[in-house]
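Below is protein.txt, holding compact mmCIF, C-alpha atoms.
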# COMPACT_ATOMS: atom_id res chain seq x y z
CA MET A 6 -4.22 6.70 -21.61
CA SER A 7 -0.47 6.56 -20.98
CA ALA A 8 2.09 7.58 -23.54
CA THR A 9 5.73 8.58 -23.63
CA LYS A 10 5.82 12.36 -23.86
CA THR A 11 7.25 15.39 -22.10
CA SER A 12 5.70 17.37 -19.27
CA GLU A 13 6.14 20.64 -21.16
CA ILE A 14 3.03 19.99 -23.26
CA PHE A 15 0.79 20.31 -20.20
CA ASN A 16 -0.41 23.56 -18.64
CA GLN A 17 0.16 22.23 -15.12
CA ARG A 18 3.44 20.52 -14.37
CA SER A 19 5.10 18.96 -11.37
CA PHE A 20 7.49 21.13 -9.40
CA VAL A 21 10.26 18.64 -10.23
CA TYR A 22 9.40 17.83 -13.85
CA ARG A 23 12.82 19.09 -14.99
CA LYS A 24 14.42 16.35 -12.89
CA MET A 25 12.97 13.49 -14.95
CA ASP A 26 13.17 12.43 -18.57
CA ALA A 27 12.33 9.29 -20.59
CA ILE A 28 9.09 8.99 -18.66
CA THR A 29 5.62 7.68 -19.38
CA LEU A 30 2.81 10.01 -18.38
CA LYS A 31 -0.88 9.46 -17.74
CA ASN A 32 -3.03 12.33 -18.94
CA MET A 33 -5.06 13.98 -16.17
CA GLY A 34 -6.53 16.86 -18.13
CA ASP A 35 -4.24 19.87 -17.77
CA SER A 36 -1.52 17.77 -16.11
CA ALA A 37 -0.08 14.25 -16.05
CA LEU A 38 1.39 11.86 -13.50
CA VAL A 39 4.60 9.93 -14.14
CA THR A 40 3.51 6.29 -14.34
CA LYS A 41 6.85 4.85 -15.46
CA VAL A 42 10.49 5.86 -15.69
CA ALA A 43 12.21 4.25 -18.67
CA SER A 44 15.47 3.50 -16.86
CA GLU A 45 13.87 1.99 -13.78
CA GLY A 46 13.84 -1.66 -14.86
CA ASP A 47 11.62 -3.83 -12.66
CA SER A 48 9.81 -1.02 -10.87
CA LYS A 49 8.09 -3.21 -8.28
CA LYS A 50 11.37 -4.83 -7.30
CA LEU A 51 13.01 -1.40 -7.02
CA ALA A 52 10.09 -0.12 -4.95
CA ALA A 53 10.44 -3.06 -2.56
CA ASN A 54 14.02 -1.91 -1.88
CA LEU A 55 13.77 1.89 -1.92
CA ALA A 56 12.06 4.19 -4.39
CA LEU A 57 10.90 7.78 -4.77
CA ILE A 58 7.67 8.70 -6.59
CA ASP A 59 6.49 12.16 -7.61
CA MET A 60 2.79 12.70 -6.83
CA SER A 61 2.87 16.49 -7.07
CA VAL A 62 0.21 16.84 -9.78
CA ALA A 63 -2.25 14.50 -8.02
CA ALA A 64 -5.39 16.28 -6.83
CA ARG A 65 -5.60 17.73 -3.32
CA ILE A 66 -7.34 20.54 -1.45
CA GLY A 67 -7.43 21.87 2.10
CA PHE A 68 -9.86 23.61 4.43
CA ARG A 69 -9.38 25.50 7.67
CA GLY A 70 -11.88 26.88 10.16
CA THR A 71 -14.40 25.86 12.78
CA ASN A 72 -16.75 24.51 10.11
CA ALA A 73 -14.09 22.67 8.09
CA ARG A 74 -15.01 19.31 9.59
CA SER A 75 -18.73 19.74 8.93
CA HIS A 76 -17.87 20.67 5.33
CA LEU A 77 -16.07 17.35 4.84
CA ASP A 78 -18.78 15.46 6.71
CA ALA A 79 -21.41 16.90 4.38
CA ALA A 80 -19.40 15.61 1.41
CA LYS A 81 -19.27 12.15 3.06
CA LEU A 82 -15.50 12.17 3.17
CA PRO A 83 -13.40 10.31 5.78
CA VAL A 84 -12.52 12.57 8.72
CA PRO A 85 -9.78 11.73 11.26
CA SER A 86 -10.90 11.81 14.90
CA LYS A 87 -7.93 13.85 16.12
CA PRO A 88 -5.08 16.06 14.83
CA ASN A 89 -1.99 14.58 13.20
CA MET A 90 -3.88 11.54 11.99
CA LEU A 91 -4.88 10.23 8.57
CA GLN A 92 -8.05 8.47 7.50
CA GLN A 93 -8.55 6.82 4.11
CA ASN A 94 -11.64 5.77 2.20
CA GLU A 95 -12.37 2.09 1.55
CA ALA A 96 -10.38 2.09 -1.69
CA ALA A 97 -7.46 3.76 0.17
CA SER A 98 -7.01 6.21 -2.70
CA LEU A 99 -8.64 9.20 -0.99
CA MET A 100 -6.93 10.43 2.17
CA SER A 101 -8.02 13.01 4.73
CA LEU A 102 -5.23 14.55 6.78
CA ARG A 103 -6.05 16.42 9.98
CA LEU A 104 -3.17 18.81 10.58
CA SER A 105 -4.66 20.68 13.54
CA GLU A 106 -7.94 20.98 15.40
CA ASN A 107 -9.51 22.87 12.49
CA GLU A 108 -7.30 22.21 9.45
CA TYR A 109 -7.83 19.36 6.99
CA TRP A 110 -6.23 18.38 3.69
CA VAL A 111 -7.83 15.89 1.31
CA LEU A 112 -5.52 14.05 -1.11
CA ASP A 113 -6.47 11.89 -4.07
CA GLY A 114 -3.72 9.31 -4.47
CA SER A 115 -4.98 7.93 -7.78
CA THR A 116 -4.17 8.71 -11.40
CA THR A 117 -7.73 9.87 -12.05
CA MET A 118 -8.64 13.52 -12.51
CA GLY A 119 -9.81 13.80 -8.91
CA LYS A 120 -13.58 13.68 -9.54
CA THR A 121 -14.38 13.53 -5.82
CA LEU A 122 -12.27 16.59 -5.16
CA GLN A 123 -13.80 18.39 -8.12
CA GLU A 124 -17.21 17.81 -6.55
CA LEU A 125 -15.90 19.00 -3.18
CA THR A 126 -14.47 22.14 -4.79
CA ALA A 127 -17.84 22.86 -6.40
CA ARG A 128 -19.64 22.72 -3.05
CA PRO A 129 -20.37 26.09 -1.40
CA VAL A 130 -17.95 26.72 1.45
CA PRO A 131 -19.80 27.49 4.71
CA ASP A 132 -19.03 30.39 7.00
CA ASN A 133 -15.90 29.98 9.12
CA CYS A 134 -14.40 27.57 6.60
CA TYR A 135 -11.62 28.72 4.29
CA ARG A 136 -10.17 26.96 1.30
CA LEU A 137 -6.42 26.16 1.28
CA TYR A 138 -4.62 25.78 -2.03
CA CYS A 139 -2.18 23.03 -1.06
CA GLN A 140 -2.19 21.84 -4.69
CA ASP A 141 -0.07 24.88 -5.49
CA SER A 142 1.67 25.54 -2.19
CA HIS A 143 3.08 22.05 -1.58
CA ALA A 144 4.86 19.35 -3.55
CA TRP A 145 3.93 15.72 -2.82
CA PHE A 146 6.49 12.92 -2.88
CA MET A 147 6.13 9.25 -1.85
CA LEU A 148 8.99 7.22 -0.46
CA THR A 149 8.58 3.45 -0.33
CA GLY A 150 10.64 0.34 0.30
CA GLU A 151 12.59 -1.49 2.97
CA TYR A 152 14.96 1.41 3.69
CA ILE A 153 12.58 4.34 4.04
CA GLU A 154 13.20 4.74 7.76
CA GLN A 155 16.99 4.68 7.38
CA THR A 156 16.79 7.18 4.53
CA MET A 157 14.63 9.63 6.45
CA ALA A 158 16.87 9.31 9.53
CA LYS A 159 19.56 11.09 7.49
CA LEU A 160 17.31 14.06 6.79
CA CYS A 161 14.90 14.35 9.70
CA GLY A 162 15.47 14.57 13.46
CA VAL A 163 12.13 12.93 14.32
CA ASP A 164 12.09 9.20 15.06
CA LEU A 165 10.09 7.74 12.15
CA ARG A 166 10.45 4.08 13.13
CA LYS A 167 7.22 2.10 13.39
CA GLN A 168 7.22 1.98 17.19
CA SER A 169 7.31 5.78 17.38
CA PHE A 170 5.51 6.68 14.15
CA PRO A 171 2.72 4.16 13.51
CA LEU A 172 0.48 3.65 10.50
CA ASP A 173 -1.84 6.61 9.71
CA ALA A 174 0.22 9.00 11.84
CA ILE A 175 1.30 12.47 10.70
CA VAL A 176 4.23 14.56 11.84
CA GLN A 177 4.93 18.17 10.90
CA THR A 178 8.66 18.71 11.04
CA SER A 179 11.78 19.63 9.04
CA VAL A 180 13.24 17.42 6.31
CA ALA A 181 16.65 18.53 5.02
CA ARG A 182 15.86 21.89 6.71
CA VAL A 183 12.62 22.25 4.73
CA ASN A 184 9.29 22.37 6.56
CA ALA A 185 7.31 19.26 5.67
CA VAL A 186 4.33 17.10 6.54
CA ILE A 187 5.18 13.39 6.72
CA VAL A 188 2.46 10.73 6.66
CA ARG A 189 2.88 6.99 7.18
CA HIS A 190 0.22 5.08 5.27
CA LYS A 191 -0.27 2.29 2.75
CA VAL A 192 -0.95 2.27 -0.98
CA ASN A 193 -2.38 -1.03 -2.19
CA LYS A 194 -1.14 -2.59 1.07
CA ILE A 195 2.40 -1.26 0.43
CA PRO A 196 3.86 0.92 3.22
CA VAL A 197 4.90 4.43 2.17
CA PHE A 198 5.84 7.80 3.55
CA SER A 199 4.07 10.69 1.88
CA ILE A 200 6.08 13.91 2.15
CA LEU A 201 4.39 17.23 1.48
CA SER A 202 6.64 20.28 1.47
CA ASP A 203 6.84 23.87 0.30
CA SER A 204 6.70 23.93 -3.50
CA SER A 205 9.42 26.59 -3.70
CA SER A 206 11.89 24.08 -2.19
CA ALA A 207 10.66 21.06 -4.15
CA GLU A 208 13.72 20.57 -6.36
CA TYR A 209 16.09 20.97 -3.42
CA LEU A 210 14.18 18.42 -1.33
CA TRP A 211 13.95 16.00 -4.29
CA ASP A 212 17.72 16.14 -4.70
CA SER A 213 18.25 15.76 -0.95
CA LEU A 214 16.08 12.65 -0.86
CA LEU A 215 17.91 11.12 -3.82
CA ASP A 216 21.26 11.85 -2.19
CA ALA A 217 20.14 10.15 1.04
CA MET A 218 18.85 7.18 -0.98
CA ASN A 219 22.18 6.52 -2.73
CA GLU A 220 23.56 4.44 0.13
CA PHE A 221 20.66 2.02 -0.21
CA ASN A 222 20.60 1.95 -4.02
CA GLY A 223 17.32 3.83 -4.26
CA HIS A 224 15.68 4.81 -7.55
CA VAL A 225 13.03 7.10 -8.97
CA VAL A 226 10.02 5.12 -10.19
CA GLY A 227 6.55 5.85 -11.52
CA THR A 228 3.14 5.25 -9.96
CA ASP A 229 2.94 1.82 -11.64
CA ALA A 230 5.41 0.54 -9.04
CA LEU A 231 2.68 0.84 -6.39
CA GLY A 232 -0.15 -0.27 -8.68
CA ILE A 233 -1.73 3.19 -8.53
CA ASP A 234 -4.48 3.70 -11.08
If you took the structure in this file and wrote it as structure tokens, what would it be?
Amino acid sequence: MSATKTSEIFNQRSFVYRKMDAITLKNMGDSALVTKVASEGDSKKLAANLALIDMSVAARIGFRGTNARSHLDAAKLPVPSKPNMLQQNEAASLMSLRLSENEYWVLDGSTTMGKTLQELTARPVPDNCYRLYCQDSHAWFMLTGEYIEQTMAKLCGVDLRKQSFPLDAIVQTSVARVNAVIVRHKVNKIPVFSILSDSSSAEYLWDSLLDAMNEFNGHVVGTDALGID
């Protein structure tokens, strides 16, 4: 259930929760996702232009090792065929990122409590497979709208235009001098960039993204703008 409240009441909070107020949150147990920002107006219209969404409390987990792939296969999760690629489930809410030959991150892009990932976490980890705590180590932002490529061009030296960076591709690079993983994918058929970066630099990167968005009249919005549920 969504209600207007503050992030401080939850045990787990986004790395940038201090940057937002007058928000509507959806309870996810010990944490909550921002579903709406009071000042955003027509969120879907804003998202069509340029918008930034905080997904940092959404569930995610990683695995590394020679048996990491078999661990995900056993859980019947989507597994990309090669490094630096993304694969989503049929509902497009669960995403598997392959960051190297033997490293995988699984992200739940819904406002649920991550039941699938809870079940994955409960599974015994085989030998030569090590859990990665990317929930704590990395913030997760989504950038969406017509001007996402122009915005990122201000902050990143990699060519992120469609012809060079197609759908379901991943690049590991620097954004505003912060190491980051950038993923091009879709949420409810809406193109987005997911940006995962070091949690210790989350507030700096958030501010850098907002500064780059100013030229294109970008806004912070909640998950409702993408129809995430």
**Prompt:** Which neighbours of Phe198 of chain A fall inside 10 Å, counting only C-alpha atoms, when residues of the same chain fewer than 3 positions from it are skipped, and could you give them as JSON, numbers by chain?
**Reply:** {"A": [57, 146, 147, 148, 149, 150, 153, 154, 157, 165, 172, 173, 175, 186, 187, 188, 189, 190, 191, 192, 201]}
**Request:** Quick one: everything within 8 Å of segment 81-94 of chain A, counting only C-alpha atoms, minus sequence neighbours fewer than 4 positions away in the same chain. Send it as a list in words.
**Result:**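 Final neighbour list, sorted by chain and number: Arg74, Leu77, Ser98, Leu99, Met100, Ser101, Leu102, Arg103, Leu104, Ser105, Glu106, Asp173, Ala174, Ile175, Val176, Val188 and His190 of chain A.
Separating atom CA of Ser75 of chain A from atom CA of Val197 of chain A is a distance of 29.0 Å.
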**Prompt:** From the list A:Gly232, A:Pro129, A:Gly114, A:Pro171, which residue is nearest Ala52 of chain A when using all atoms listed in the file?
**Reply:**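 For Ala52 of chain A, the nearest of the candidates is A:Gly232.
Distance check against Phe68 of chain A using all atoms listed in the file: of A:Arg128, A:Arg136, A:Lys194, A:Arg23, the minimum falls on A:Arg136.
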**Distance in Å - atom CA of Gln168 of chain A versus atom CA of Gly223 of chain A** = 23.8 Å
**Request:** List every protein, DNA or RNA residue with an atom no more than 12 Å from (-12.7, 14.1, -7.2) in the file's coordinates, counting only C-alpha atoms, and format the result as a VMD selection string.
**Result:** chain A and resid 33 63 to 66 80 82 98 to 100 111 to 128
**Request:** Can you work out which one of A:His224, A:Arg18, A:Lys167, A:Lys50 has the shortest atom-to-atom distance to Pro196 of chain A, counting all atoms listed in the file?
**Result:**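 Of A:His224, A:Arg18, A:Lys167, A:Lys50, the one nearest Pro196 of chain A is A:Lys167, counting all atoms listed in the file.
Shortest atom-to-atom contact with Cys161 of chain A among A:Asp141, A:Lys31, A:Ser48, A:Ser179: A:Ser179, counting only C-alpha atoms.
Picture a line from atom CA of Ser19 of chain A to atom CA of Leu210 of chain A; it runs 13.5 Å.
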